[in-house]
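Q: Quick one: structure below, then a few questions.
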Amino acid sequence: MNAVRLQCLLPLLLALLCVMAGPVQAAEREKVLLDSDMVEAFDDGFAMLLLAKSPNIELVGVTTLSGNSWVEQGTAWALRQLEDAGCASVPVAAGLEYPLRPNRHELFALERKFLGRGHDLWTGSFGLEKPASWQAAYEKAYGCKPKLKPVDKHAVNFIIDTIRANPGKITIAAIGPCGNLAMAIRMAPDIVPLIKRVVYMGGAFFQPGNTTPAAEFNWYFDPEAARIVVRSPIKEQIVLGLDVCENVIFKREHYDRLVKSMGNHPMSKMLRNSFAGQSFEKILILPSMSGMCSFPRSLLIPV
Ligand SMILES: [Ca+2]
């Protein structure tokens with residue numbers, strides 16, 4: 001399951017960096033808002049840190065919501081990873097706890113029974129116990145009190161305010177379900193023409209889904225939200241579905257090299273924990289990660 005989720009992230013990063021490549025001066029760094037169902041030292045965690053550390057990008061904020069994790073967990077993990085990476089100044093705003101459709105969590109098992117299962121057994125927050133708070137999630141994960149805290153603003157309002165304050169300047173990397181962005185558009189439709197672009201990890205177009213035989217996890221988690229956002233007249237939307245993402249593999253040799261290079265960095269233990277277990281041995285030994293440098297451009301599907 002881990003390999004599949006990680007595959008979903010690497011081409012997105014490449015696409016972001018490609019889209020934003022060019023003669024960018026240090027003073028004109030591309031402003032990116034990352035909207036994520038955050039995990040620890042894995043796909044979305046790597047995305048956040050790469051964006052936070054990229055010299056061409058200004059990561060203006062990280063907004064979290066439930067999906068691969070509960071929003072409480074994702075918020076805790078975002079804060080801890082930014083702290084460990086020396087990026088404590090990046091604001092984190094916590095967002096939606098549930099998909100837009102009422103009682104969606106209760107119906108997940110039933111839907112899967114009738115629709116069938118995809119090749120990824122990961123069920124995210126559909127199958128996890130909900131923490132009492134982001135602080136509780138943090139203390140359970142790290143055994144101590146958090147040093148950082150999220151901003152005192154809901155993620156939906158953070159998105160609205162950030163877009164309005166930077167008209168035409170913000171790229172949104174939507175690498176989780178689309179609930180935060182959908183709510184922002186519903187609450188403040190004036191932001192739609194002010195968004196520079198949205199780059200999604202979502203959907204499966206010409207291949208089977210990973211959660212059901214037809215559906216990819218992010219958009220299956222909250223299909224109403226995805227519909228609202230994708231159908232909004234945003235200037236530029238780039239969708240990287242499973243068709244792109246599952247061509248990109250993170251192999252054991254890449255993991256070993258990464259762990260070695262990290263030495264005793266605080267995130268080294270986090271990384272080892274994320275990749276521990278049978279799933280790595282069984283699934284991650286797959287075709288070369290070099291695919292991330294040669295994935296077919298035709299699969300960057302404009303909508
Ligand atoms: Ca994600």
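Ligands are numbered from 1 in the order shown, chains are lettered A, B, ... in the order of the structure tokens, and residues start at 1 in each chain.
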Neighbours of Arg186 of chain A within 10 Å (only C-alpha atoms; same-chain residues fewer than 5 positions away dropped), as a PyMOL selection string?

A: chain A and resi 180-181+191-192+228-229

Q: Hey, can you spit out that residue selection with C-alpha atoms as a PDB file, in the first residue's frame?

A:
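Final output, out-v2.pdb:
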ATOM      1  CA  ASN A 180     -10.835  22.406   1.806  1.00  0.00           C
ATOM      2  CA  LEU A 181     -10.602  23.904  -1.649  1.00  0.00           C
ATOM      3  CA  ILE A 191     -11.261  33.592  -5.382  1.00  0.00           C
ATOM      4  CA  VAL A 192     -11.730  31.362  -8.460  1.00  0.00           C
ATOM      5  CA  ILE A 228     -16.865  21.237  -7.283  1.00  0.00           C
ATOM      6  CA  VAL A 229     -13.208  22.141  -7.695  1.00  0.00           C
TER       7      VAL A 229
END

Q: All residues within 6 Å of ligand 1 are required, counting only C-alpha atoms and all ligand atoms; please report them as a ChimeraX atom specification.

A: /A:36-37,44,175-176

Q: Any chance you could export the current selection's N, CA and C atoms as a PDB file, in the first residue's frame?

A:
ATOM      1  N   SER A  36      -3.267  19.158   1.804  1.00  0.00           N
ATOM      2  CA  SER A  36      -2.818  17.766   1.924  1.00  0.00           C
ATOM      3  C   SER A  36      -3.517  17.002   3.029  1.00  0.00           C
ATOM      4  N   ASP A  37      -3.713  15.710   2.778  1.00  0.00           N
ATOM      5  CA  ASP A  37      -4.044  14.762   3.847  1.00  0.00           C
ATOM      6  C   ASP A  37      -2.714  14.191   4.326  1.00  0.00           C
ATOM      7  N   ASP A  44       3.050  12.668   1.021  1.00  0.00           N
ATOM      8  CA  ASP A  44       2.734  14.083   1.247  1.00  0.00           C
ATOM      9  C   ASP A  44       3.778  14.773   2.126  1.00  0.00           C
ATOM     10  N   ILE A 175      -2.997  17.633  -3.022  1.00  0.00           N
ATOM     11  CA  ILE A 175      -2.526  16.236  -3.057  1.00  0.00           C
ATOM     12  C   ILE A 175      -3.287  15.360  -2.068  1.00  0.00           C
ATOM     13  N   GLY A 176      -4.451  15.810  -1.708  1.00  0.00           N
ATOM     14  CA  GLY A 176      -5.354  15.006  -0.900  1.00  0.00           C
ATOM     15  C   GLY A 176      -6.755  15.150  -1.463  1.00  0.00           C
TER      16      GLY A 176
END

Q: With only C-alpha atoms as the atoms that count, which of A:Phe205, A:Gly95, A:Glu216, A:Met267 lies nearest to Glu83 of chain A?

A: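 Ranked by minimum distance to Glu83 of chain A, first place goes to A:Met267.
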
Q: When you look at Tyr220 of chain A with a cut-off of 10 Å (counting only C-alpha atoms), what residues show up, excluding the ones that are within fewer than 3 positions of it in the same chain? I need them as number ranges by chain.

A: A: 67, 99, 108, 177, 202-203, 209-212, 214-217, 223-226

Q: Residues of the last selection are to be written out with C-alpha atoms, as a PDB file, in the first residue's frame.

A:
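The resulting file, selection-v9.pdb, is shown below:
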ATOM      1  CA  GLY A  67      -8.002  11.542   3.883  1.00  0.00           C
ATOM      2  CA  PRO A  99     -15.867  14.616   3.347  1.00  0.00           C
ATOM      3  CA  PHE A 108     -17.148   3.209   3.020  1.00  0.00           C
ATOM      4  CA  PRO A 177      -9.140  15.074  -1.142  1.00  0.00           C
ATOM      5  CA  GLY A 202      -6.304  12.634  -8.190  1.00  0.00           C
ATOM      6  CA  GLY A 203      -8.306  10.343 -10.381  1.00  0.00           C
ATOM      7  CA  GLY A 209      -8.462   2.816  -9.619  1.00  0.00           C
ATOM      8  CA  ASN A 210      -6.577   1.923  -6.479  1.00  0.00           C
ATOM      9  CA  THR A 211      -9.415   2.128  -3.928  1.00  0.00           C
ATOM     10  CA  THR A 212     -12.164   0.551  -6.006  1.00  0.00           C
ATOM     11  CA  ALA A 214     -12.788   2.452 -10.875  1.00  0.00           C
ATOM     12  CA  ALA A 215     -11.743   5.056  -8.326  1.00  0.00           C
ATOM     13  CA  GLU A 216      -8.542   6.629  -7.073  1.00  0.00           C
ATOM     14  CA  PHE A 217      -8.387   7.308  -3.313  1.00  0.00           C
ATOM     15  CA  PRO A 223     -16.093  12.968  -4.860  1.00  0.00           C
ATOM     16  CA  GLU A 224     -18.470  15.881  -4.352  1.00  0.00           C
ATOM     17  CA  ALA A 225     -15.548  18.094  -3.395  1.00  0.00           C
ATOM     18  CA  ALA A 226     -13.493  17.009  -6.400  1.00  0.00           C
TER      19      ALA A 226
END

Q: In Å, rounded to a single decimal, give me how far atom CA of Arg101 of chain A is from atom CA of Ser69 of chain A.

A: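 If I compute the distance from atom CA of Ser69 of chain A to atom CA of Arg101 of chain A, I get 17.7 Å.
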
Q: By how many Å are atom CA of Arg104 of chain A and atom CA of His154 of chain A apart?

A: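 Interatomic distance, atom CA of Arg104 of chain A to atom CA of His154 of chain A: 21.5 Å.
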
Q: Go through A:Ser89, A:Ser54, A:Thr64, A:Gln237 and flag the residue nearest Ile172 of chain A, using only C-alpha atoms for the distances.

A: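 Among the listed residues, the smallest separation from Ile172 of chain A belongs to A:Gln237.
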
Q: Extract the full set of alpha helix (DSSP H) residues from segment 80-291 of chain A according to DSSP on the backbone, and format it as a PyMOL selection string.

A: chain A and resi 80-84+104-115+134-142+155-165+179-187+217-221+223-230+242-245+252-262+266-275+278-283

Q: Nearest to Glu246 of chain A among A:Ser232, A:Gln207, A:Asn218, A:Ser274, with distances taken over only C-alpha atoms: which residue is it?

A: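 Once distances to Glu246 of chain A are computed over only C-alpha atoms, the minimum belongs to A:Gln207.
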